$ cat upload.csv   # CSV, C-alpha atoms
chain,number,residue,atom,x,y,z
A,18,MET,CA,-13.8,12.0,11.6
A,19,GLU,CA,-15.9,11.7,14.7
A,20,GLN,CA,-17.9,9.0,16.3
A,21,VAL,CA,-21.4,8.7,14.9
A,22,LYS,CA,-24.0,11.0,16.3
A,23,ILE,CA,-27.2,9.5,15.0
A,24,ASP,CA,-29.3,12.7,14.6
A,25,GLU,CA,-26.5,14.5,12.9
A,26,LEU,CA,-25.7,11.6,10.6
A,27,GLN,CA,-29.4,11.0,9.8
A,28,THR,CA,-29.8,14.7,8.8
A,29,LEU,CA,-26.8,14.4,6.5
A,30,ILE,CA,-28.0,11.2,4.9
A,31,ASN,CA,-31.4,12.9,4.2
A,32,SER,CA,-29.7,15.8,2.5
A,33,PHE,CA,-28.4,13.5,-0.3
A,34,ALA,CA,-31.7,11.8,-1.0
A,35,ASN,CA,-33.7,12.0,-4.2
A,36,GLU,CA,-30.9,13.2,-6.5
A,37,ASP,CA,-28.0,11.6,-8.4
A,38,VAL,CA,-25.1,10.8,-6.0
A,39,TYR,CA,-21.8,9.0,-6.4
A,40,ILE,CA,-21.2,6.1,-4.1
A,41,HIS,CA,-18.0,4.6,-2.6
A,42,LEU,CA,-18.6,1.4,-0.8
A,43,GLU,CA,-15.9,-0.8,0.5
A,44,THR,CA,-15.4,-3.7,2.9
A,45,THR,CA,-12.0,-5.1,3.8
A,46,ASN,CA,-10.1,-7.4,6.1
A,47,GLY,CA,-6.8,-6.1,4.7
A,48,ALA,CA,-4.7,-7.8,2.0
A,49,TYR,CA,-2.6,-9.6,4.7
A,50,ALA,CA,-5.5,-11.2,6.6
A,51,SER,CA,-4.8,-14.7,5.5
A,52,HIS,CA,-1.0,-14.2,5.5
A,53,PHE,CA,-1.1,-13.5,9.3
A,54,ASP,CA,-3.8,-16.2,9.9
A,55,GLU,CA,-4.3,-18.9,7.4
A,56,LYS,CA,-7.7,-19.7,8.9
A,57,VAL,CA,-9.0,-16.3,7.8
A,58,PHE,CA,-11.1,-16.5,4.6
A,59,ASN,CA,-10.3,-13.1,3.1
A,60,ALA,CA,-13.3,-11.5,1.4
A,61,GLY,CA,-14.2,-7.9,0.7
A,62,CYS,CA,-15.6,-5.7,-2.0
A,63,PHE,CA,-15.1,-2.3,-3.4
A,64,ILE,CA,-17.1,0.0,-5.7
A,65,ARG,CA,-16.4,3.6,-6.4
A,66,ASN,CA,-18.1,6.3,-8.4
A,67,ILE,CA,-21.3,4.4,-9.0
A,68,VAL,CA,-24.2,6.8,-9.6
A,69,VAL,CA,-27.5,6.1,-7.8
A,70,GLN,CA,-30.5,7.8,-6.4
A,71,TYR,CA,-32.0,6.9,-3.1
A,72,GLU,CA,-35.4,7.7,-1.8
A,73,LEU,CA,-34.8,6.7,1.8
A,74,GLY,CA,-31.6,6.5,3.8
A,75,LYS,CA,-31.4,5.3,7.4
A,76,VAL,CA,-28.8,4.9,10.1
A,77,THR,CA,-29.7,2.4,12.8
A,78,ALA,CA,-29.6,3.1,16.5
A,79,GLU,CA,-27.1,0.6,18.0
A,80,ALA,CA,-23.4,1.0,17.5
A,81,PRO,CA,-21.6,0.0,15.4
A,82,HIS,CA,-24.3,1.2,13.1
A,83,ARG,CA,-25.8,0.0,9.9
A,84,VAL,CA,-26.6,2.4,7.2
A,85,GLY,CA,-29.1,1.4,4.5
A,86,LEU,CA,-30.1,3.3,1.3
A,87,LYS,CA,-33.3,2.3,-0.4
A,88,LEU,CA,-32.8,3.1,-4.1
A,89,ALA,CA,-35.3,4.8,-6.4
A,90,ASN,CA,-35.0,1.9,-8.9
A,91,GLY,CA,-35.9,-0.7,-6.3
A,92,GLY,CA,-32.3,-1.6,-5.4
A,93,TRP,CA,-30.5,-1.4,-2.1
A,94,ILE,CA,-27.1,-0.4,-0.6
A,95,TYR,CA,-26.1,-1.0,2.9
A,96,ALA,CA,-23.1,-1.0,5.1
A,97,GLN,CA,-22.6,-2.7,8.5
A,98,GLY,CA,-20.1,-1.6,11.2
A,99,ILE,CA,-20.2,2.2,10.7
A,100,THR,CA,-18.5,3.9,13.7
A,101,HIS,CA,-17.4,7.3,12.4
A,102,PHE,CA,-18.6,10.0,10.0
A,103,GLU,CA,-17.6,13.4,8.6
A,104,LEU,CA,-18.9,15.9,6.1
A,105,ASP,CA,-15.6,16.7,4.4
A,106,GLU,CA,-14.5,20.1,3.0
A,107,GLN,CA,-15.8,19.1,-0.4
A,108,GLY,CA,-19.3,18.5,1.0
A,109,ARG,CA,-19.0,14.7,0.8
A,110,LEU,CA,-20.5,12.5,3.4
A,111,LEU,CA,-17.8,10.0,4.6
A,112,MET,CA,-18.8,7.2,6.8
A,113,ALA,CA,-16.4,4.5,8.0
A,114,GLY,CA,-16.2,1.6,10.4
A,115,HIS,CA,-13.0,1.2,12.3
A,116,ASP,CA,-12.3,-2.1,14.0
A,117,TYR,CA,-11.0,-2.5,17.6
A,118,GLU,CA,-7.5,-1.7,16.5
A,119,GLY,CA,-8.6,1.4,14.6
A,120,LYS,CA,-8.2,-0.2,11.2
A,121,LEU,CA,-10.7,0.6,8.5
A,122,ALA,CA,-13.1,-2.3,7.9
A,123,VAL,CA,-15.9,-0.7,6.0
A,124,ALA,CA,-16.5,2.6,4.2
A,125,LEU,CA,-19.6,4.1,2.7
A,126,GLU,CA,-19.3,7.6,1.1
A,127,ILE,CA,-21.9,9.7,-0.7
A,128,SER,CA,-20.9,12.6,-2.9
A,129,LYS,CA,-22.7,14.9,-5.4
A,130,THR,CA,-19.5,15.0,-7.5
A,131,PRO,CA,-17.3,12.1,-8.6
A,132,PHE,CA,-14.6,10.9,-6.3
A,133,SER,CA,-11.1,11.7,-7.5
A,134,TYR,CA,-8.4,9.1,-8.0
B,11,MET,CA,27.1,-2.7,2.3
B,12,LEU,CA,26.7,-4.9,-0.7
B,13,GLU,CA,29.9,-5.4,-2.6
B,14,GLN,CA,28.4,-5.1,-6.0
B,15,GLN,CA,29.0,-1.7,-7.6
B,16,GLU,CA,26.0,-0.1,-9.3
B,17,SER,CA,25.6,2.8,-11.8
B,18,GLN,CA,21.8,3.3,-11.6
B,19,ILE,CA,19.2,1.6,-9.5
B,20,LEU,CA,15.5,1.3,-10.3
B,21,VAL,CA,13.1,0.4,-7.5
B,22,VAL,CA,9.6,-0.7,-8.3
B,23,PHE,CA,7.0,-1.2,-5.6
B,24,PRO,CA,3.3,-0.5,-5.5
B,25,HIS,CA,2.8,1.2,-2.1
B,26,PRO,CA,4.4,4.1,-0.2
B,27,ASP,CA,6.2,2.3,2.6
B,28,ASP,CA,7.1,-0.9,0.6
B,29,GLU,CA,10.5,0.7,0.1
B,30,ALA,CA,10.9,1.3,3.8
B,31,PHE,CA,10.6,-2.1,5.4
B,32,GLY,CA,12.7,-4.3,3.2
B,33,VAL,CA,15.3,-2.3,1.4
B,34,SER,CA,15.6,1.3,2.7
B,35,GLY,CA,18.9,0.5,4.4
B,36,THR,CA,20.4,-1.0,1.3
B,37,LEU,CA,19.2,1.9,-0.8
B,38,ALA,CA,20.5,4.4,1.7
B,39,GLN,CA,24.0,2.8,1.4
B,40,TYR,CA,23.9,3.1,-2.3
B,41,ALA,CA,22.6,6.6,-2.2
B,42,ASN,CA,25.3,7.6,0.3
B,43,ALA,CA,27.8,6.1,-2.2
B,44,GLY,CA,26.4,8.4,-4.9
B,45,VAL,CA,24.5,5.9,-6.9
B,46,PRO,CA,21.4,7.5,-8.6
B,47,ILE,CA,18.2,5.8,-7.5
B,48,THR,CA,14.8,6.0,-9.2
B,49,TYR,CA,11.8,4.8,-7.3
B,50,ALA,CA,8.7,4.1,-9.3
B,51,CYS,CA,5.9,3.9,-6.7
B,52,LEU,CA,2.8,2.6,-8.5
B,53,THR,CA,0.0,3.8,-6.1
B,54,LEU,CA,-0.5,6.1,-3.2
B,55,GLY,CA,-1.8,3.5,-0.9
B,56,GLU,CA,-5.2,4.9,-1.2
B,57,MET,CA,-6.8,1.8,0.3
B,58,GLY,CA,-4.7,1.6,3.4
B,59,ARG,CA,-6.6,0.5,6.5
B,60,ASN,CA,-4.5,2.4,9.1
B,61,LEU,CA,-6.3,5.7,9.5
B,62,GLY,CA,-5.3,6.3,13.1
B,63,ASN,CA,-7.1,5.5,16.3
B,64,PRO,CA,-8.9,7.9,16.8
B,65,PRO,CA,-8.8,8.4,13.1
B,66,PHE,CA,-6.7,11.3,11.8
B,67,ALA,CA,-7.4,10.6,8.1
B,68,THR,CA,-10.3,9.6,6.0
B,69,ARG,CA,-10.4,7.3,3.0
B,70,GLU,CA,-10.4,10.5,0.8
B,71,SER,CA,-7.6,12.4,2.6
B,72,LEU,CA,-5.3,9.4,2.9
B,73,PRO,CA,-3.6,9.6,-0.5
B,74,GLU,CA,-2.4,13.2,0.0
B,75,ILE,CA,-1.0,12.2,3.4
B,76,ARG,CA,0.7,9.2,2.1
B,77,LYS,CA,2.2,11.1,-0.8
B,78,LYS,CA,3.9,13.5,1.6
B,79,GLU,CA,5.1,10.5,3.7
B,80,LEU,CA,6.5,8.9,0.5
B,81,GLN,CA,8.4,12.1,-0.4
B,82,ALA,CA,9.8,12.4,3.2
B,83,SER,CA,10.8,8.7,3.1
B,84,CYS,CA,12.7,9.2,-0.2
B,85,GLU,CA,14.4,12.2,1.3
B,86,ALA,CA,15.5,10.2,4.4
B,87,ILE,CA,16.9,7.4,2.2
B,88,GLY,CA,18.5,9.7,-0.4
B,89,ILE,CA,16.4,8.7,-3.4
B,90,ASN,CA,16.8,11.5,-5.8
B,91,ASP,CA,14.1,10.5,-8.4
B,92,LEU,CA,10.7,9.6,-7.2
B,93,ARG,CA,8.1,8.7,-9.8
B,94,MET,CA,4.4,8.4,-8.7
B,95,MET,CA,2.9,6.2,-11.4
B,96,GLY,CA,-0.8,7.1,-10.8
B,97,LEU,CA,-2.4,3.6,-10.3
B,98,ARG,CA,-4.8,2.9,-7.5
B,99,ASP,CA,-4.1,0.8,-4.5
B,100,LYS,CA,-5.5,-2.8,-4.6
B,101,THR,CA,-6.3,-2.5,-8.3
B,102,VAL,CA,-2.9,-3.1,-9.9
B,103,GLU,CA,-3.6,-6.8,-10.7
B,104,PHE,CA,-6.7,-5.7,-12.6
B,105,GLU,CA,-4.8,-3.4,-15.0
B,106,ASP,CA,-4.0,-4.7,-18.5
B,107,ASP,CA,-1.0,-7.0,-18.0
B,108,GLU,CA,0.7,-5.9,-21.2
B,109,LYS,CA,0.3,-2.2,-20.2
B,110,MET,CA,2.0,-3.0,-17.0
B,111,VAL,CA,4.9,-4.7,-18.8
B,112,GLN,CA,5.2,-1.6,-21.0
B,113,MET,CA,5.3,0.7,-18.0
B,114,MET,CA,8.3,-1.3,-16.7
B,115,THR,CA,10.0,-1.5,-20.1
B,116,LYS,CA,9.7,2.2,-20.6
B,117,LEU,CA,11.4,2.9,-17.2
B,118,ILE,CA,14.2,0.4,-17.9
B,119,ASP,CA,14.8,1.8,-21.5
B,120,GLU,CA,15.0,5.3,-20.1
B,121,LEU,CA,17.1,4.6,-17.1
B,122,ASN,CA,19.3,1.7,-18.1
B,123,PRO,CA,19.6,0.5,-14.5
B,124,SER,CA,22.4,-1.9,-13.5
B,125,LEU,CA,20.1,-3.1,-10.7
B,126,VAL,CA,16.4,-3.4,-10.3
B,127,LEU,CA,14.7,-4.0,-7.0
B,128,THR,CA,11.2,-5.3,-6.6
B,129,PHE,CA,9.3,-8.2,-4.9
B,130,TYR,CA,9.8,-11.9,-5.7
B,131,PRO,CA,6.9,-13.2,-7.8
B,132,ASN,CA,4.8,-15.7,-5.9
B,133,TYR,CA,6.4,-14.8,-2.6
B,134,ALA,CA,5.1,-11.2,-2.3
B,135,VAL,CA,1.9,-11.9,-0.4
B,136,HIS,CA,-0.1,-8.8,-1.5
B,137,PRO,CA,-1.9,-8.9,-4.9
B,138,ASP,CA,-0.5,-5.5,-5.8
B,139,HIS,CA,3.0,-6.7,-4.9
B,140,GLU,CA,2.6,-9.8,-7.1
B,141,ALA,CA,1.2,-7.8,-10.1
B,142,THR,CA,4.1,-5.3,-9.8
B,143,CYS,CA,7.0,-7.7,-9.6
B,144,LYS,CA,5.5,-10.0,-12.3
B,145,ALA,CA,5.4,-7.0,-14.7
B,146,VAL,CA,9.0,-6.2,-13.8
B,147,VAL,CA,10.2,-9.8,-14.4
B,148,ARG,CA,8.3,-9.9,-17.7
B,149,ALA,CA,9.9,-6.7,-18.9
B,150,ILE,CA,13.4,-7.9,-18.0
B,151,ARG,CA,12.8,-11.3,-19.5
B,152,ARG,CA,12.2,-9.7,-22.8
B,153,MET,CA,15.7,-8.2,-22.8
B,154,LYS,CA,18.7,-10.1,-24.2
B,155,GLU,CA,20.3,-12.0,-21.3
B,156,GLU,CA,23.5,-10.0,-21.6
B,157,ASP,CA,21.6,-6.7,-21.4
B,158,ARG,CA,19.6,-7.6,-18.3
B,159,PRO,CA,20.1,-5.6,-15.1
B,160,ARG,CA,20.6,-7.5,-11.9
B,161,LEU,CA,17.3,-8.3,-10.3
B,162,TYR,CA,17.0,-8.3,-6.5
B,163,CYS,CA,13.8,-9.3,-4.9
B,164,VAL,CA,12.1,-9.0,-1.5
B,165,ALA,CA,10.3,-12.2,-0.5
B,166,PHE,CA,8.2,-12.6,2.7
B,167,ALA,CA,5.5,-15.2,2.1
B,168,ASN,CA,5.3,-17.8,4.8
B,169,ASP,CA,6.7,-20.5,2.5
B,170,THR,CA,9.7,-18.4,1.2
B,171,VAL,CA,12.5,-20.2,3.0
B,172,GLU,CA,10.9,-23.6,2.4
B,173,ASN,CA,10.9,-23.0,-1.4
B,174,LEU,CA,13.6,-20.5,-2.2
B,175,GLY,CA,16.0,-21.4,0.6
B,176,GLU,CA,17.8,-18.8,2.8
B,177,PRO,CA,18.2,-15.3,1.3
B,178,HIS,CA,21.0,-15.0,-1.1
B,179,LEU,CA,22.3,-11.7,0.3
B,180,ILE,CA,22.1,-10.6,3.9
B,181,ASN,CA,23.1,-6.9,4.0
B,182,ASP,CA,24.4,-5.4,7.2
B,183,ILE,CA,22.7,-2.0,7.4
B,184,ARG,CA,23.8,-0.9,10.9
B,185,ASP,CA,25.7,2.0,9.5
B,186,VAL,CA,22.6,3.5,8.0
B,187,LYS,CA,20.2,2.6,10.8
B,188,GLU,CA,19.2,6.3,11.3
B,189,GLN,CA,18.3,6.6,7.6
B,190,LYS,CA,16.1,3.5,7.8
B,191,ILE,CA,14.4,4.7,11.0
B,192,GLY,CA,13.9,8.0,9.1
B,193,SER,CA,12.3,6.3,6.2
B,194,MET,CA,10.0,4.2,8.5
B,195,ARG,CA,9.1,7.2,10.6
B,196,ALA,CA,8.2,9.2,7.5
B,197,HIS,CA,5.4,6.7,6.9
B,198,ALA,CA,3.8,7.6,10.2
B,199,SER,CA,0.3,6.8,9.2
B,200,GLN,CA,1.3,3.2,8.5
B,201,THR,CA,4.2,2.6,10.8
B,202,GLY,CA,3.3,4.7,13.9
B,203,TRP,CA,2.1,1.7,15.9
B,204,MET,CA,5.2,-0.3,14.9
B,205,MET,CA,7.6,2.5,15.9
B,206,GLN,CA,5.8,2.9,19.2
B,207,GLU,CA,6.3,-0.8,19.9
B,208,GLU,CA,10.0,-0.5,19.1
B,209,GLU,CA,10.3,2.4,21.5
B,210,LYS,CA,8.5,0.5,24.2
B,211,ARG,CA,10.7,-2.5,23.7
B,212,LYS,CA,13.7,-0.3,24.3
B,213,GLU,CA,12.2,1.3,27.3
B,214,ASP,CA,11.5,-2.2,28.7
B,215,GLY,CA,15.3,-2.7,28.7
B,216,ASP,CA,15.6,-4.7,25.4
B,217,THR,CA,19.0,-3.5,24.1
B,218,GLU,CA,19.0,-5.5,20.9
B,219,SER,CA,18.0,-3.6,17.8
B,220,HIS,CA,15.2,-5.2,15.9
B,221,ASN,CA,16.7,-7.0,12.9
B,222,TRP,CA,14.8,-4.5,10.7
B,223,PHE,CA,17.5,-2.1,11.7
B,224,THR,CA,20.5,-4.4,11.5
B,225,GLU,CA,20.1,-6.4,8.3
B,226,GLU,CA,18.1,-6.7,5.1
B,227,ALA,CA,17.5,-10.0,3.3
B,228,ILE,CA,17.6,-10.1,-0.5
B,229,TYR,CA,16.9,-12.8,-3.0
B,230,ILE,CA,18.5,-12.7,-6.5
B,231,TYR,CA,15.9,-13.6,-9.0
B,232,ASP,CA,16.5,-17.1,-10.4
B,233,TRP,CA,15.9,-17.0,-14.2
B,234,ASN,CA,16.4,-20.8,-14.3
B,235,ARG,CA,13.3,-21.2,-12.1
B,236,ASP,CA,11.3,-18.4,-13.7
B,237,PHE,CA,7.8,-18.0,-12.3
B,238,GLU,CA,6.2,-18.7,-15.7
B,239,GLU,CA,7.5,-20.0,-19.1
B,240,SER,CA,6.6,-17.0,-21.1
B,241,PHE,CA,4.3,-14.0,-21.4

$ encode --input "upload.csv" --output "structure tokens"
Amino acid sequence: MEQVKIDELQTLINSFANEDVYIHLETTNGAYASHFDEKVFNAGCFIRNIVVQYELGKVTAEAPHRVGLKLANGGWIYAQGITHFELDEQGRLLMAGHDYEGKLAVALEISKTPFSY
Amino acid sequence: MLEQQESQILVVFPHPDDEAFGVSGTLAQYANAGVPITYACLTLGEMGRNLGNPPFATRESLPEIRKKELQASCEAIGINDLRMMGLRDKTVEFEDDEKMVQMMTKLIDELNPSLVLTFYPNYAVHPDHEATCKAVVRAIRRMKEEDRPRLYCVAFANDTVENLGEPHLINDIRDVKEQKIGSMRAHASQTGWMMQEEEKRKEDGDTESHNWFTEEAIYIYDWNRDFEESF
């Protein structure tokens, strides 16, 4: 993965618009967050292989970035804290937000084929 | 080395690297003594948060990396039979509970282990750990008392000593330190930062080995204080 280059990422986001795509969206503090610090309220969510169509996708200018997808059915998807991106060898757009220690905190992935596993 | 002789060991943990931290030394000693060991690893740690800084892995490439790390760790320890059970990281507790018990029963029926190693229910911290060890305990509970394997558990919740007391077994693993280091190193994607800290500590003149590399603490599951009445 490399650090977000806005123009490149925006072009990639555009290339998945207006067709059925599979989404992976995840936020996490890690399963041990409240083990190491009892004051941490541990919350997160995870969806994978949800099929949507978006008519507009946008990455915002300031880092860490926000990426929002305006869905064709009136719905929305967004992720906050995106730092890195990659178009992988299977043509999937992988976006991730790595915290100050390098640990994954958020992931948004878009694919034309279902994610395995 | 633990005094208890074993004929077959079954290890059940949900994540590649769970075997490394708590029991790889103990397992290495048994492996060196020729005891066959089966490790049922339920997931491939697909949801791990350590992807390197700068990242060397992605959410999608991590499972293949961790699979290779797991295989290398088993080799370092001397585990001859690794079973990857195909569940997904962080979803174990959402599987059907009975299906989970059946998975464990099937392994136990096939292998007839004299010793089973897993986490201690309610003292295992991670939801996958809890779901895994509860399924193991349930499967063994269904067996006749005289047929049950010994059940050793790893417990590391903050309230472990307060509620369970001091560990029942403290196993000196200094003779297999290199094998444990090999197992931990094998999981480079997850333990890299930890091993670096250890190196740095030594460079700074700390001569004492971290207790990871000198002893392992084990609780024997207490059937008289079972975590639930029945399932």

$ closest_atom_pairs --input "upload.csv" --of "chain B" --to "chain A" --cutoff "9 Å" --atoms "all atoms listed in the file" --output "tab-separated table"
residue	atom	partner	partner_atom	distance
B:Glu56	CA	A:Tyr134	CA	8.6
B:Gly58	CA	A:Leu121	CA	7.9
B:Arg59	CA	A:Leu121	CA	4.6
B:Asn60	CA	A:Lys120	CA	5.0
B:Leu61	CA	A:Lys120	CA	6.4
B:Gly62	CA	A:Gly119	CA	6.1
B:Asn63	CA	A:Gly119	CA	4.7
B:Pro64	CA	A:Gly119	CA	6.9
B:Pro65	CA	A:Met18	CA	6.3
B:Phe66	CA	A:Met18	CA	7.1
B:Ala67	CA	A:Met18	CA	7.4
B:Thr68	CA	A:Met18	CA	7.0
B:Arg69	CA	A:Ala124	CA	7.8
B:Glu70	CA	A:Phe132	CA	8.3
B:Pro73	CA	A:Tyr134	CA	8.9
B:Gly96	CA	A:Tyr134	CA	8.3
B:Leu97	CA	A:Tyr134	CA	8.5
B:Arg98	CA	A:Tyr134	CA	7.2
B:Lys100	CA	A:Ala48	CA	8.3
B:Val135	CA	A:His52	CA	7.0
B:His136	CA	A:Ala48	CA	5.9
B:Pro137	CA	A:Ala48	CA	7.5
B:Ala167	CA	A:His52	CA	7.4
B:Asn168	CA	A:His52	CA	7.3

$ atom_distance --input "upload.csv" --atom1 "atom CA of B:His139" --atom2 "atom CA of B:Glu85"
22.9 Å

$ residues_around --input "upload.csv" --residues "stretch 93-100 of chain A" --least-positions-apart "4" --cutoff "6 Å" --atoms "only C-alpha atoms" --output "JSON, numbers by chain"
{"A": [20, 21, 81, 82, 83, 84, 85, 86, 87, 88, 113, 114]}

$ atom_distance --input "upload.csv" --atom1 "atom CA of B:Pro24" --atom2 "atom CA of B:Ala41"
20.8 Å

$ atom_distance --input "upload.csv" --atom1 "atom CA of A:Ala78" --atom2 "atom CA of A:Leu110"
18.5 Å

$ closest_residue --input "upload.csv" --among "B:Thr53, B:Ala82, B:Asn90, B:Ala149" --to "B:Leu161" --atoms "all atoms listed in the file"
B:Ala149

$ closest_residue --input "upload.csv" --among "B:Phe23, B:Tyr229, B:Phe223, B:Tyr49" --to "B:Asn173" --atoms "all atoms listed in the file"
B:Tyr229

$ residues_around --input "upload.csv" --residues "stretch 203-216 of chain B" --least-positions-apart "4" --cutoff "9 Å" --atoms "all atoms listed in the file" --output "tab-separated table (two decimals) with C-alpha atoms, in the frame of the given file"
chain	number	residue	atom	x	y	z
B	191	ILE	CA	14.40	4.70	11.00
B	194	MET	CA	10.00	4.20	8.50
B	195	ARG	CA	9.10	7.20	10.60
B	198	ALA	CA	3.80	7.60	10.20
B	199	SER	CA	0.30	6.80	9.20
B	220	HIS	CA	15.20	-5.20	15.90

$ closest_residue --input "upload.csv" --among "B:Leu127, B:Ile87, B:Ala50, B:Val22" --to "B:Ala38" --atoms "only C-alpha atoms"
B:Ile87
